[in-house]
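S.K.: Sending over data.cif (mmCIF, C-alpha atoms).
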```cif
data_entry
loop_
_atom_site.label_atom_id
_atom_site.label_comp_id
_atom_site.auth_asym_id
_atom_site.auth_seq_id
_atom_site.Cartn_x
_atom_site.Cartn_y
_atom_site.Cartn_z
CA MET A 1 64.76 53.38 71.05
CA LYS A 2 66.81 51.47 73.56
CA ASN A 3 70.47 52.37 73.92
CA ARG A 4 71.64 48.88 73.02
CA VAL A 5 69.60 48.89 69.84
CA PHE A 6 71.05 52.28 68.90
CA ILE A 7 74.61 51.04 69.45
CA LEU A 8 73.92 47.87 67.47
CA LEU A 9 72.38 49.85 64.60
CA SER A 10 75.34 52.26 64.70
CA ILE A 11 77.68 49.30 64.18
CA ILE A 12 75.54 47.86 61.37
CA PHE A 13 75.13 51.12 59.50
CA GLY A 14 78.74 52.15 60.20
CA LEU A 15 79.76 49.04 58.27
CA LEU A 16 77.11 49.34 55.56
CA GLN A 17 77.42 53.06 54.85
CA GLY A 18 80.05 53.63 52.24
CA PRO A 19 80.58 50.18 50.81
CA PHE A 20 76.88 49.40 50.39
CA LEU A 21 74.81 52.47 51.23
CA PRO A 22 75.55 56.20 50.86
CA ALA A 23 78.31 57.24 53.26
CA SER A 24 76.04 59.63 55.14
CA PHE A 25 72.55 58.19 55.38
CA MET A 26 70.87 56.74 58.46
CA GLU A 27 72.68 58.41 61.35
CA GLY A 28 70.27 61.36 61.37
CA PHE A 29 67.23 59.14 61.68
CA LEU A 30 68.85 56.94 64.33
CA ALA A 31 69.89 59.91 66.44
CA VAL A 32 66.50 61.64 66.43
CA VAL A 33 64.73 58.37 67.17
CA LEU A 34 67.07 57.67 70.08
CA ILE A 35 66.40 60.99 71.73
CA CYS A 36 62.76 60.97 70.59
CA PRO A 37 61.66 63.75 72.96
CA ASP A 38 58.58 62.21 74.49
CA ALA A 39 59.83 62.76 78.01
CA GLU A 40 60.52 65.97 79.87
CA ARG A 41 64.21 65.34 80.09
CA ILE A 42 66.89 63.36 78.32
CA PRO A 43 68.53 60.70 80.53
CA THR A 44 72.31 60.78 80.80
CA ASP A 45 72.61 57.30 79.31
CA LYS A 46 71.21 58.62 76.02
CA ILE A 47 73.92 61.27 75.93
CA VAL A 48 76.47 58.48 76.43
CA SER A 49 74.82 56.40 73.67
CA LEU A 50 74.95 59.31 71.25
CA PHE A 51 78.62 59.80 72.08
CA LEU A 52 79.44 56.10 71.63
CA GLY A 53 77.31 55.78 68.49
CA GLY A 54 79.16 58.71 66.95
CA LEU A 55 82.51 57.15 67.80
CA LEU A 56 81.44 53.87 66.20
CA PHE A 57 80.41 55.61 62.99
CA ASP A 58 83.76 57.42 62.88
CA LEU A 59 85.80 54.32 63.61
CA LEU A 60 84.00 52.07 61.15
CA GLN A 61 83.99 54.66 58.38
CA GLY A 62 87.61 55.67 58.96
CA ARG A 63 86.84 59.29 59.81
CA ILE A 64 88.45 61.55 62.39
CA LEU A 65 87.39 60.31 65.81
CA GLY A 66 84.88 62.47 67.68
CA ALA A 67 83.48 64.36 64.70
CA THR A 68 80.15 62.50 64.50
CA SER A 69 79.76 62.47 68.30
CA LEU A 70 80.26 66.22 68.27
CA LEU A 71 77.55 66.60 65.63
CA PHE A 72 75.16 64.36 67.58
CA LEU A 73 75.74 66.33 70.77
CA SER A 74 75.37 69.62 68.93
CA MET A 75 72.03 68.38 67.64
CA LEU A 76 71.04 67.50 71.20
CA GLY A 77 72.03 71.01 72.31
CA VAL A 78 69.94 72.57 69.53
CA LEU A 79 66.91 70.44 70.45
CA ALA A 80 67.29 71.43 74.08
CA VAL A 81 67.50 75.11 73.24
CA VAL A 82 64.45 75.12 70.96
CA GLY A 83 62.45 73.26 73.62
CA GLY A 84 58.79 72.95 72.60
CA LEU A 85 59.53 73.20 68.90
CA SER A 86 61.31 69.86 69.05
CA LYS A 87 57.96 68.17 69.69
CA ARG A 88 56.99 68.63 66.05
CA PRO A 89 57.63 65.70 63.66
CA SER A 90 58.51 68.09 60.85
CA PHE A 91 61.16 69.80 62.98
CA LEU A 92 62.73 66.50 64.04
CA ALA A 93 62.70 65.37 60.42
CA LEU A 94 64.44 68.60 59.47
CA VAL A 95 67.07 68.00 62.16
CA SER A 96 67.66 64.53 60.73
CA LEU A 97 68.04 66.01 57.22
CA VAL A 98 70.48 68.67 58.38
CA LEU A 99 72.50 66.11 60.33
CA VAL A 100 72.97 63.92 57.24
CA LEU A 101 73.79 66.90 55.04
CA VAL A 102 76.25 68.50 57.44
CA ARG A 103 77.99 65.24 58.31
CA GLY A 104 78.29 64.36 54.62
CA ARG A 105 79.69 67.77 53.79
CA ILE A 106 82.16 67.90 56.68
CA LEU A 107 83.38 64.30 56.71
CA PHE A 108 82.98 63.26 53.06
CA GLU A 109 83.06 66.65 51.34
CA SER A 110 79.94 65.83 49.35
CA TRP A 111 76.32 66.91 49.51
CA PHE A 112 74.22 63.83 50.18
CA ILE A 113 70.99 65.33 48.85
CA PHE A 114 68.92 62.21 48.23
CA PRO A 115 70.00 60.37 51.40
CA SER A 116 69.14 63.45 53.46
CA ILE A 117 65.70 63.73 51.82
CA PHE A 118 65.16 60.04 52.50
CA SER A 119 66.18 60.58 56.12
CA PHE A 120 63.75 63.51 56.36
CA LEU A 121 60.84 61.48 55.01
CA LEU A 122 61.67 58.45 57.14
CA SER A 123 61.88 60.54 60.31
CA TYR A 124 58.69 62.44 59.50
CA LEU A 125 56.71 59.29 58.80
CA PHE A 126 58.11 57.61 61.90
CA PHE A 127 57.11 60.44 64.24
CA ARG A 128 53.82 61.02 62.45
CA PHE A 129 52.55 57.46 62.34
CA VAL A 130 54.75 54.94 64.14
CA ARG A 131 55.59 56.83 67.28
CA PRO A 132 53.61 60.04 67.65
CA LEU A 133 55.18 62.54 70.03
CA HIS A 134 53.53 63.49 73.31
CA ARG A 135 53.14 67.23 73.18
CA SER A 136 52.73 67.75 76.90
CA GLY A 137 56.38 67.50 77.97
CA ILE A 138 59.03 70.13 77.36
CA PHE A 139 62.25 68.78 75.93
CA SER A 140 65.26 69.78 77.98
CA LEU A 141 68.56 68.55 79.32
CA ARG A 142 67.45 68.71 82.96
CA MET B 1 61.15 77.79 75.34
CA ARG B 2 64.57 77.45 76.94
CA PRO B 3 65.26 74.57 79.28
CA ALA B 4 66.39 75.02 82.86
CA PHE B 5 69.86 73.47 83.09
CA SER B 6 70.68 71.52 86.22
CA LYS B 7 72.63 68.24 86.29
CA ASN B 8 72.58 66.79 82.76
CA PRO B 9 74.15 69.78 81.05
CA TYR B 10 77.37 69.06 82.94
CA TYR B 11 77.47 65.55 81.50
CA PHE B 12 76.58 67.00 78.14
CA LEU B 13 79.40 69.54 78.32
CA ALA B 14 81.85 66.92 79.61
CA TYR B 15 81.16 64.68 76.60
CA PHE B 16 81.33 67.67 74.31
CA PHE B 17 84.85 68.43 75.55
CA VAL B 18 85.83 64.77 75.29
CA CYS B 19 84.78 64.93 71.61
CA LEU B 20 86.94 68.00 71.08
CA LEU B 21 89.85 66.27 72.81
CA LEU B 22 89.44 63.18 70.60
CA LEU B 23 89.33 65.39 67.51
CA PHE B 24 92.55 67.07 68.57
CA LEU B 25 94.31 63.79 69.40
CA ASP B 26 93.20 62.12 66.16
CA SER B 27 94.23 65.11 64.07
CA ARG B 28 97.73 64.64 65.59
CA SER B 29 97.62 60.89 64.72
CA PHE B 30 97.81 59.81 68.37
CA LEU B 31 94.80 57.54 67.89
CA LYS B 32 96.14 55.72 64.84
CA PRO B 33 96.50 52.38 66.72
CA VAL B 34 92.80 52.52 67.65
CA HIS B 35 91.82 53.01 64.01
CA SER B 36 94.18 50.25 62.89
CA LEU B 37 92.76 47.81 65.42
CA VAL B 38 89.16 48.45 64.37
CA GLN B 39 90.03 48.42 60.67
CA PHE B 40 91.67 45.04 61.06
CA VAL B 41 88.14 43.69 61.59
CA SER B 42 86.01 46.17 59.66
CA ILE B 43 87.92 46.36 56.37
CA PRO B 44 87.38 42.71 55.29
CA VAL B 45 83.67 43.07 56.09
CA GLN B 46 83.38 46.34 54.16
CA LYS B 47 85.31 44.91 51.22
CA SER B 48 82.87 42.01 51.05
CA LEU B 49 79.93 44.40 51.25
CA PHE B 50 81.36 46.52 48.44
CA GLY B 51 81.82 43.38 46.33
CA ALA B 52 78.23 42.37 47.09
CA ARG B 53 76.97 45.79 46.04
CA GLU B 54 78.80 45.59 42.75
CA GLY B 55 77.36 42.10 42.26
CA LEU B 56 73.86 43.43 42.87
CA LEU B 57 74.23 46.60 40.81
CA GLY B 58 75.81 44.81 37.84
CA PRO B 59 72.55 43.31 36.51
CA VAL B 60 70.67 46.56 37.26
CA ARG B 61 73.21 48.53 35.24
CA GLY B 62 72.83 45.98 32.46
CA ILE B 63 69.06 46.53 32.34
CA ARG B 64 69.54 50.31 32.26
CA GLU B 65 71.95 49.96 29.35
CA ILE B 66 69.37 47.95 27.38
CA GLY B 67 66.82 50.68 28.01
CA LYS B 68 69.07 53.35 26.59
CA GLY B 69 68.89 51.76 23.18
CA ARG B 70 71.20 51.15 20.33
CA GLU B 71 73.05 54.45 20.46
CA ALA B 72 74.08 53.87 24.02
CA ARG B 73 75.17 50.34 23.16
CA GLU B 74 77.37 51.62 20.37
CA GLU B 75 78.85 54.14 22.75
CA VAL B 76 79.56 51.40 25.25
CA GLU B 77 81.13 49.27 22.55
CA LYS B 78 83.36 52.15 21.50
CA ARG B 79 84.26 52.73 25.08
CA ASN B 80 85.03 49.06 25.53
CA ALA B 81 87.23 49.14 22.48
CA PHE B 82 89.08 52.13 23.89
CA LEU B 83 89.48 50.42 27.21
CA GLU B 84 90.71 47.24 25.60
CA ALA B 85 93.18 49.03 23.37
CA ARG B 86 94.47 51.67 25.73
CA ILE B 87 94.08 50.40 29.21
CA ALA B 88 93.21 46.81 29.85
CA GLU B 89 95.59 45.03 27.49
CA SER B 90 97.12 42.83 30.09
CA GLY B 91 93.99 42.55 32.21
CA SER B 92 95.13 44.92 34.92
CA LEU B 93 91.84 44.52 36.76
CA ARG B 94 92.16 40.79 37.19
CA ALA B 95 93.43 39.11 40.31
CA GLU B 96 96.14 40.73 42.37
CA ASN B 97 98.85 38.35 41.19
CA GLU B 98 98.25 39.34 37.60
CA HIS B 99 98.28 42.97 38.59
CA MET B 100 101.67 42.50 40.23
CA ARG B 101 103.06 40.88 37.08
CA ALA B 102 101.80 43.89 35.13
CA LEU B 103 103.52 46.09 37.65
CA LEU B 104 106.86 44.35 37.12
CA GLY B 105 106.53 44.74 33.36
CA ALA B 106 105.24 48.31 33.47
CA GLY B 107 106.16 50.73 30.75
CA LEU B 108 106.55 53.47 33.31
CA PRO B 109 110.08 54.62 34.04
CA GLY B 110 112.13 51.97 35.81
CA ARG B 111 113.16 54.28 38.62
CA TRP B 112 109.57 54.67 39.81
CA VAL B 113 108.86 52.87 43.07
CA PHE B 114 105.38 51.44 43.66
CA GLU B 115 103.58 49.97 46.62
CA PRO B 116 100.40 47.98 46.01
CA VAL B 117 97.15 48.90 47.76
CA THR B 118 93.77 47.18 47.87
CA VAL B 119 90.64 49.15 47.06
CA VAL B 120 88.07 48.63 49.80
CA SER B 121 85.25 50.77 48.45
CA VAL B 122 84.53 53.70 46.15
CA TYR B 123 81.94 56.36 46.97
CA ALA B 124 81.43 60.12 46.92
CA ASP B 125 84.24 60.58 44.35
CA SER B 126 86.79 59.04 46.65
CA ALA B 127 88.23 55.56 47.02
CA GLN B 128 89.05 53.95 50.33
CA VAL B 129 92.22 51.91 50.03
CA TRP B 130 93.86 49.54 52.46
CA GLN B 131 97.57 50.17 52.85
CA SER B 132 100.33 49.11 55.17
CA LEU B 133 102.62 52.07 54.72
CA ALA B 134 103.41 54.94 57.00
CA ASP B 135 103.48 58.01 54.82
CA ILE B 136 101.52 58.06 51.57
CA GLN B 137 99.84 61.41 52.12
CA ASN B 138 99.35 63.34 48.85
CA ARG B 139 100.96 60.59 46.78
CA ALA B 140 99.48 59.50 43.46
CA VAL B 141 97.56 56.25 43.11
CA VAL B 142 97.87 54.61 39.69
CA ILE B 143 97.05 51.49 37.76
CA PRO B 144 100.23 50.45 35.97
CA ASN B 145 99.22 49.12 32.58
CA GLY B 146 102.07 47.24 30.97
CA GLU B 147 103.74 48.99 28.06
CA LYS B 148 100.86 51.47 27.77
CA GLY B 149 102.00 53.41 30.82
CA GLY B 150 99.67 54.00 33.71
CA ILE B 151 96.24 55.31 34.60
CA PHE B 152 95.91 58.03 37.21
CA VAL B 153 93.37 56.95 39.82
CA GLY B 154 93.74 59.80 42.28
CA ARG B 155 95.64 61.38 45.11
CA VAL B 156 95.83 60.27 48.74
CA GLU B 157 94.04 62.95 50.71
CA GLU B 158 93.98 61.46 54.16
CA VAL B 159 95.28 58.41 56.00
CA THR B 160 93.44 57.06 59.02
CA GLY B 161 95.11 53.97 60.43
CA HIS B 162 95.52 51.58 57.53
CA LEU B 163 92.71 53.16 55.55
CA ALA B 164 93.62 55.88 53.08
CA GLN B 165 91.12 58.13 51.40
CA VAL B 166 91.99 58.75 47.75
CA TYR B 167 90.35 61.66 45.97
CA LEU B 168 89.48 60.62 42.41
CA PRO B 169 90.06 63.20 39.64
CA THR B 170 86.27 63.67 39.60
CA HIS B 171 86.26 64.91 43.21
CA ILE B 172 85.07 68.47 43.52
CA ASN B 173 88.26 69.56 45.32
CA GLU B 174 90.63 68.08 42.77
CA LYS B 175 92.59 70.10 40.23
CA THR B 176 95.29 68.44 38.15
CA THR B 177 97.58 70.07 35.62
CA VAL B 178 97.55 68.10 32.40
CA VAL B 179 98.73 67.93 28.81
CA VAL B 180 96.50 66.93 25.91
CA LYS B 181 97.96 64.55 23.33
CA ASP B 182 96.70 63.31 20.00
CA LYS B 183 95.17 59.86 20.29
CA ASP B 184 97.07 58.40 17.34
CA SER B 185 100.33 60.33 16.97
CA GLY B 186 100.90 61.13 20.65
CA GLU B 187 101.76 64.69 19.67
CA LYS B 188 101.18 67.34 22.32
CA ARG B 189 98.20 69.55 21.45
CA ALA B 190 97.52 71.63 24.52
CA SER B 191 97.95 72.03 28.24
CA GLY B 192 95.39 72.87 30.90
CA ILE B 193 93.86 71.96 34.22
CA VAL B 194 91.41 69.14 34.89
CA GLU B 195 88.86 70.01 37.55
CA GLY B 196 86.59 67.56 39.32
CA ARG B 197 82.92 68.52 39.16
CA GLY B 198 81.46 65.77 41.32
CA GLY B 199 81.16 62.60 39.27
CA ARG B 200 82.63 64.17 36.13
CA MET B 201 85.76 66.00 34.98
CA VAL B 202 86.16 69.17 32.97
CA LEU B 203 89.32 70.25 31.20
CA GLY B 204 89.81 73.99 31.48
CA GLN B 205 92.45 76.73 31.22
CA VAL B 206 93.21 75.67 27.64
CA LEU B 207 94.06 78.67 25.46
CA THR B 208 91.75 79.22 22.52
CA GLY B 209 94.74 79.05 20.16
CA GLU B 210 95.32 75.42 21.09
CA THR B 211 93.47 72.60 19.37
CA LEU B 212 91.21 70.16 21.18
CA SER B 213 89.41 67.26 19.53
CA PRO B 214 87.12 64.57 20.88
CA GLY B 215 89.15 61.44 21.49
CA ASP B 216 92.35 63.25 22.49
CA LEU B 217 94.10 61.76 25.47
CA VAL B 218 94.58 63.80 28.64
CA LEU B 219 97.67 62.96 30.67
CA THR B 220 99.18 64.35 33.84
CA SER B 221 101.82 66.99 33.20
CA GLY B 222 104.01 66.06 36.18
CA ASP B 223 103.73 69.38 37.99
CA GLY B 224 103.73 69.26 41.76
CA GLU B 225 103.52 65.86 43.43
CA THR B 226 101.75 64.08 40.57
CA PRO B 227 103.96 61.95 38.31
CA PRO B 228 103.91 62.77 34.57
CA ASP B 229 102.34 60.91 31.63
CA LEU B 230 99.57 59.12 33.51
CA LEU B 231 96.29 58.80 31.64
CA ILE B 232 93.56 60.80 33.39
CA GLY B 233 90.87 60.67 30.70
CA GLU B 234 89.79 61.16 27.12
CA ILE B 235 88.10 64.24 25.65
CA GLU B 236 84.46 63.41 25.15
CA LYS B 237 82.94 66.75 24.18
CA ILE B 238 84.21 70.26 23.57
CA LEU B 239 82.11 72.71 25.57
CA ASP B 240 80.71 75.82 23.96
CA VAL B 241 82.41 78.81 25.63
CA ARG B 242 82.07 81.67 23.13
CA GLU B 243 84.13 84.83 23.59
CA GLU B 244 86.13 83.27 26.40
CA THR B 245 89.90 83.26 26.70
CA PHE B 246 90.01 79.59 27.57
CA GLN B 247 88.47 76.48 26.07
CA GLN B 248 86.73 73.78 28.08
CA ALA B 249 86.03 70.12 27.40
CA GLU B 250 84.15 67.36 29.12
CA LEU B 251 86.29 64.30 29.85
CA LYS B 252 85.53 60.61 29.97
CA THR B 253 87.18 58.54 32.68
CA PRO B 254 89.53 55.80 31.41
CA VAL B 255 88.19 53.22 33.86
CA GLU B 256 85.08 52.64 35.91
CA TYR B 257 86.55 53.46 39.31
CA GLU B 258 84.01 51.23 41.08
CA LYS B 259 85.49 48.20 39.34
CA VAL B 260 89.10 48.81 40.35
CA THR B 261 90.14 46.28 42.96
CA THR B 262 93.88 46.89 43.23
CA ALA B 263 96.14 49.82 42.47
CA SER B 264 99.60 51.13 43.33
CA VAL B 265 100.88 54.15 45.18
CA VAL B 266 103.79 55.88 43.46
CA MET B 267 106.33 56.22 46.24
CA LYS B 268 109.09 57.67 44.10
CA PHE B 269 109.25 58.99 40.55
#
```
How does the structure come out when it is put into structure tokens?

M.R.:
Amino acid sequence: MKNRVFILLSIIFGLLQGPFLPASFMEGFLAVVLICPDAERIPTDKIVSLFLGGLLFDLLQGRILGATSLLFLSMLGVLAVVGGLSKRPSFLALVSLVLVLVRGRILFESWFIFPSIFSFLLSYLFFRFVRPLHRSGIFSLR
Amino acid sequence: MRPAFSKNPYYFLAYFFVCLLLLFLDSRSFLKPVHSLVQFVSIPVQKSLFGAREGLLGPVRGIREIGKGREAREEVEKRNAFLEARIAESGSLRAENEHMRALLGAGLPGRWVFEPVTVVSVYADSAQVWQSLADIQNRAVVIPNGEKGGIFVGRVEEVTGHLAQVYLPTHINEKTTVVVKDKDSGEKRASGIVEGRGGRMVLGQVLTGETLSPGDLVLTSGDGETPPDLLIGEIEKILDVREETFQQAELKTPVEYEKVTTASVVMKF
């Protein structure tokens, strides 16, 4: 996913989530798709996009600034540490699920069970059928 | 397999620390102007979206009600009757001007000071309200209801810019001390604590010697920062807790929180 598209979708879902959709819903899917680890390293601009996307979610949803960015970057750190495991669609889908659950619990003090399951399924199907991952590269922050 | 860190991790760590710095600054309210600026644009959009959602869900809810059958319809009718009699006499959920007239004629004590707020959206057992005040943290949000008193909507948990997050009594973190009064005579029957259970409320800490009946009104007791005599709910069902010291009851909310468009913050009581 291109950085601009991610930022645009962050704005759209930042506005939609809460008033129209569950408050914690699509950010997990968007984040894992943005850093879709089909290359050997993550470019710096994607780190910046994750940071900005998180800020937009926080600003538009009236949450404490930096919280979502911190979660996004933590997710990036986890993916970098687990390396080869992050090439599996099921693992990325699980990351997306955890992201939605944790963000919902921390920022909205609720467990968003169904939105996180939806995010899991969406991510899994995306990486399984729409954009299969190349298993040759090793995901890292180099 | 662990990655070899070279250049990018420094950027990564730099942004990580920027996030921590932002968290610190925002927790100290230094970034309030930034929130206010963004909310100036985002709140009207989100309010429209919330209105659109209610417009879309209204017919769906209607279909679901039909599917539930006659019993459910009777229950809804009873509930409507209760709402009409106890809560919505002067149409407190109409336009804001009407709400303000209701506020001026409120049966709540005259010394109480209110400030109106607009409900932007309601989700996850909390309401987001637009306010122009500086300090409404922990204050009660109510719907003044003419001579009938007021309905307790919730408590302001957090203020970010002009947007305040109000925890509804159904929120899992909410505990409110209450008194139970007879529906008809208004006589006090019991006292206890209402706990939010995520989408529903349970009255607990009621001694077994005290009498609870379905239909009894549950009002705030006035302990702490919550004003007294605000309607929080109605007893729907007494729960079966054999050999326990305390009784428990399931409560019914006096209003559908999703349909509340305006409310008032009690600034002084």

S.K.: Mind giving me the straight-line distance from CA of Pro169 in chain B to CA of Ser213 in chain B in Å, one decimal?

M.R.: 20.5 Å

S.K.: Taking 6 positions as the minimum chain separation for residues in the same chain, which residues sit within 12 Å of Arg28 in chain B when counting only C-alpha atoms? Answer as a list of chain:residue names.

M.R.: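 Here the answer would be A:Ile64, A:Leu65, B:Leu21, B:Leu22, B:Val159, B:Thr160.
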
S.K.: Any chance you could work out the residue set of the PyMOL selection byres ((chain A and resi 60) around 8) here, as a list in words?

M.R.: Ile11, Gly14, Leu15, Leu56, Phe57, Asp58, Leu59, Gln61, Gly62 and Arg63 of chain A; Val38, Gln39 and Ser42 of chain B

S.K.: Rounded to one decimal in Å, what is the spacing between CA of Leu168 in chain B and CA of Ala124 in chain B?

M.R.: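 These two atoms are separated by 9.2 Å.
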
S.K.: Which residues come within 10 Å of Trp111 in chain A, counting only C-alpha atoms, excluding same-chain residues fewer than 2 positions away, as a ChimeraX atom specification?

M.R.: /A:24,100-106,108-109,113-116 /B:124,198

S.K.: Would you list the contacts of range 188-194 of chain B as a ChimeraX atom specification, taking every protein, DNA or RNA residue within 12 Å and counting only C-alpha atoms, but skipping same-chain residues closer than 4 positions in sequence?

M.R.: /B:168-184,200-213,216-223,229,231-235,246-253

S.K.: Would you export the selected residues with C-alpha atoms as a PDB file, in the frame of the given file, please?

M.R.:
```pdb
ATOM      1  CA  LEU B 168      89.480  60.620  42.410  1.00  0.00           C
ATOM      2  CA  PRO B 169      90.060  63.200  39.640  1.00  0.00           C
ATOM      3  CA  THR B 170      86.270  63.670  39.600  1.00  0.00           C
ATOM      4  CA  HIS B 171      86.260  64.910  43.210  1.00  0.00           C
ATOM      5  CA  ILE B 172      85.070  68.470  43.520  1.00  0.00           C
ATOM      6  CA  ASN B 173      88.260  69.560  45.320  1.00  0.00           C
ATOM      7  CA  GLU B 174      90.630  68.080  42.770  1.00  0.00           C
ATOM      8  CA  LYS B 175      92.590  70.100  40.230  1.00  0.00           C
ATOM      9  CA  THR B 176      95.290  68.440  38.150  1.00  0.00           C
ATOM     10  CA  THR B 177      97.580  70.070  35.620  1.00  0.00           C
ATOM     11  CA  VAL B 178      97.550  68.100  32.400  1.00  0.00           C
ATOM     12  CA  VAL B 179      98.730  67.930  28.810  1.00  0.00           C
ATOM     13  CA  VAL B 180      96.500  66.930  25.910  1.00  0.00           C
ATOM     14  CA  LYS B 181      97.960  64.550  23.330  1.00  0.00           C
ATOM     15  CA  ASP B 182      96.700  63.310  20.000  1.00  0.00           C
ATOM     16  CA  LYS B 183      95.170  59.860  20.290  1.00  0.00           C
ATOM     17  CA  ASP B 184      97.070  58.400  17.340  1.00  0.00           C
ATOM     18  CA  ARG B 200      82.630  64.170  36.130  1.00  0.00           C
ATOM     19  CA  MET B 201      85.760  66.000  34.980  1.00  0.00           C
ATOM     20  CA  VAL B 202      86.160  69.170  32.970  1.00  0.00           C
ATOM     21  CA  LEU B 203      89.320  70.250  31.200  1.00  0.00           C
ATOM     22  CA  GLY B 204      89.810  73.990  31.480  1.00  0.00           C
ATOM     23  CA  GLN B 205      92.450  76.730  31.220  1.00  0.00           C
ATOM     24  CA  VAL B 206      93.210  75.670  27.640  1.00  0.00           C
ATOM     25  CA  LEU B 207      94.060  78.670  25.460  1.00  0.00           C
ATOM     26  CA  THR B 208      91.750  79.220  22.520  1.00  0.00           C
ATOM     27  CA  GLY B 209      94.740  79.050  20.160  1.00  0.00           C
ATOM     28  CA  GLU B 210      95.320  75.420  21.090  1.00  0.00           C
ATOM     29  CA  THR B 211      93.470  72.600  19.370  1.00  0.00           C
ATOM     30  CA  LEU B 212      91.210  70.160  21.180  1.00  0.00           C
ATOM     31  CA  SER B 213      89.410  67.260  19.530  1.00  0.00           C
ATOM     32  CA  ASP B 216      92.350  63.250  22.490  1.00  0.00           C
ATOM     33  CA  LEU B 217      94.100  61.760  25.470  1.00  0.00           C
ATOM     34  CA  VAL B 218      94.580  63.800  28.640  1.00  0.00           C
ATOM     35  CA  LEU B 219      97.670  62.960  30.670  1.00  0.00           C
ATOM     36  CA  THR B 220      99.180  64.350  33.840  1.00  0.00           C
ATOM     37  CA  SER B 221     101.820  66.990  33.200  1.00  0.00           C
ATOM     38  CA  GLY B 222     104.010  66.060  36.180  1.00  0.00           C
ATOM     39  CA  ASP B 223     103.730  69.380  37.990  1.00  0.00           C
ATOM     40  CA  ASP B 229     102.340  60.910  31.630  1.00  0.00           C
ATOM     41  CA  LEU B 231      96.290  58.800  31.640  1.00  0.00           C
ATOM     42  CA  ILE B 232      93.560  60.800  33.390  1.00  0.00           C
ATOM     43  CA  GLY B 233      90.870  60.670  30.700  1.00  0.00           C
ATOM     44  CA  GLU B 234      89.790  61.160  27.120  1.00  0.00           C
ATOM     45  CA  ILE B 235      88.100  64.240  25.650  1.00  0.00           C
ATOM     46  CA  PHE B 246      90.010  79.590  27.570  1.00  0.00           C
ATOM     47  CA  GLN B 247      88.470  76.480  26.070  1.00  0.00           C
ATOM     48  CA  GLN B 248      86.730  73.780  28.080  1.00  0.00           C
ATOM     49  CA  ALA B 249      86.030  70.120  27.400  1.00  0.00           C
ATOM     50  CA  GLU B 250      84.150  67.360  29.120  1.00  0.00           C
ATOM     51  CA  LEU B 251      86.290  64.300  29.850  1.00  0.00           C
ATOM     52  CA  LYS B 252      85.530  60.610  29.970  1.00  0.00           C
ATOM     53  CA  THR B 253      87.180  58.540  32.680  1.00  0.00           C
TER      54      THR B 253
END
```

S.K.: Would you mind reading off the distance between CA of Arg197 in chain B and CA of Ser121 in chain B, one decimal, in Å?

M.R.: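 CA of Ser121 in chain B lies at a distance of 20.2 Å from CA of Arg197 in chain B.
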
S.K.: Just say which residues the PyMOL selection byres ((chain B and resi 143) around 8) picks in this file, as a PDB file with C-alpha atoms, in the coordinates of the input.

M.R.:
```
ATOM      1  CA  SER B  92      95.130  44.920  34.920  1.00  0.00           C
ATOM      2  CA  VAL B 141      97.560  56.250  43.110  1.00  0.00           C
ATOM      3  CA  VAL B 142      97.870  54.610  39.690  1.00  0.00           C
ATOM      4  CA  PRO B 144     100.230  50.450  35.970  1.00  0.00           C
ATOM      5  CA  ASN B 145      99.220  49.120  32.580  1.00  0.00           C
ATOM      6  CA  GLY B 150      99.670  54.000  33.710  1.00  0.00           C
ATOM      7  CA  ILE B 151      96.240  55.310  34.600  1.00  0.00           C
ATOM      8  CA  PHE B 152      95.910  58.030  37.210  1.00  0.00           C
ATOM      9  CA  VAL B 153      93.370  56.950  39.820  1.00  0.00           C
ATOM     10  CA  THR B 262      93.880  46.890  43.230  1.00  0.00           C
ATOM     11  CA  ALA B 263      96.140  49.820  42.470  1.00  0.00           C
ATOM     12  CA  SER B 264      99.600  51.130  43.330  1.00  0.00           C
TER      13      SER B 264
END
```

S.K.: Might you pull out every residue within 8 Å of range 118-131 of chain A, with all atoms listed in the file counted and same-chain residues fewer than 3 positions away left off, and present them as a list in words?

M.R.: Phe25, Met26, Gly28, Phe29, Val32, Val33, Pro89, Ser90, Leu92, Ala93, Leu94, Ser96, Leu97, Val100, Phe114 and Pro115 of chain A

S.K.: Report as an NGL selection string the full result of the PyMOL selection byres ((chain B and resi 46) around 8) when it is applied to this structure.

M.R.: (:A and (15-16 or 19)) or (:B and (42-45 or 47-50 or 120-121))

S.K.: Counting all atoms listed in the file, write as a list in words all protein and nucleic acid residues lying at most 8 Å from (97.0, 64.6, 44.4) in the file's frame.

M.R.: Asn138, Arg139, Ala140, Gly154, Arg155, Val156, Glu157, Tyr167, Glu174, Thr176, Glu225 and Thr226 of chain B

S.K.: Pull the neighbourhood of (72.2, 53.4, 72.7) for me: all residues within 9 Å in file coordinates, counting all atoms listed in the file, as number ranges by chain.

M.R.: A: 1-10, 34, 45-50, 52-53

S.K.: Using all atoms listed in the file, which of the listed residues (B:Thr118, B:Ser185, B:Gln165, B:Gln137) sits closest to chain A?

M.R.: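 For chain A, the nearest of the candidates is B:Gln165.
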
S.K.: Between A:Leu70, A:Leu55, A:Ile12, A:Leu107, which has the minimum distance to chain B (counting only C-alpha atoms)?

M.R.: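 Looking at the shortest contact to chain B, the residue is A:Leu70.
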
S.K.: Around all of range 151-169 of chain B's listed atoms, make the axis-aligned box with 6 Å on each side and tell me centre and edge lengths in Å to one decimal, as lines of an AutoDock Vina configuration file.

M.R.:
```
center_x = 92.9
center_y = 57.4
center_z = 47.5
size_x = 18.8
size_y = 23.6
size_z = 37.8
```
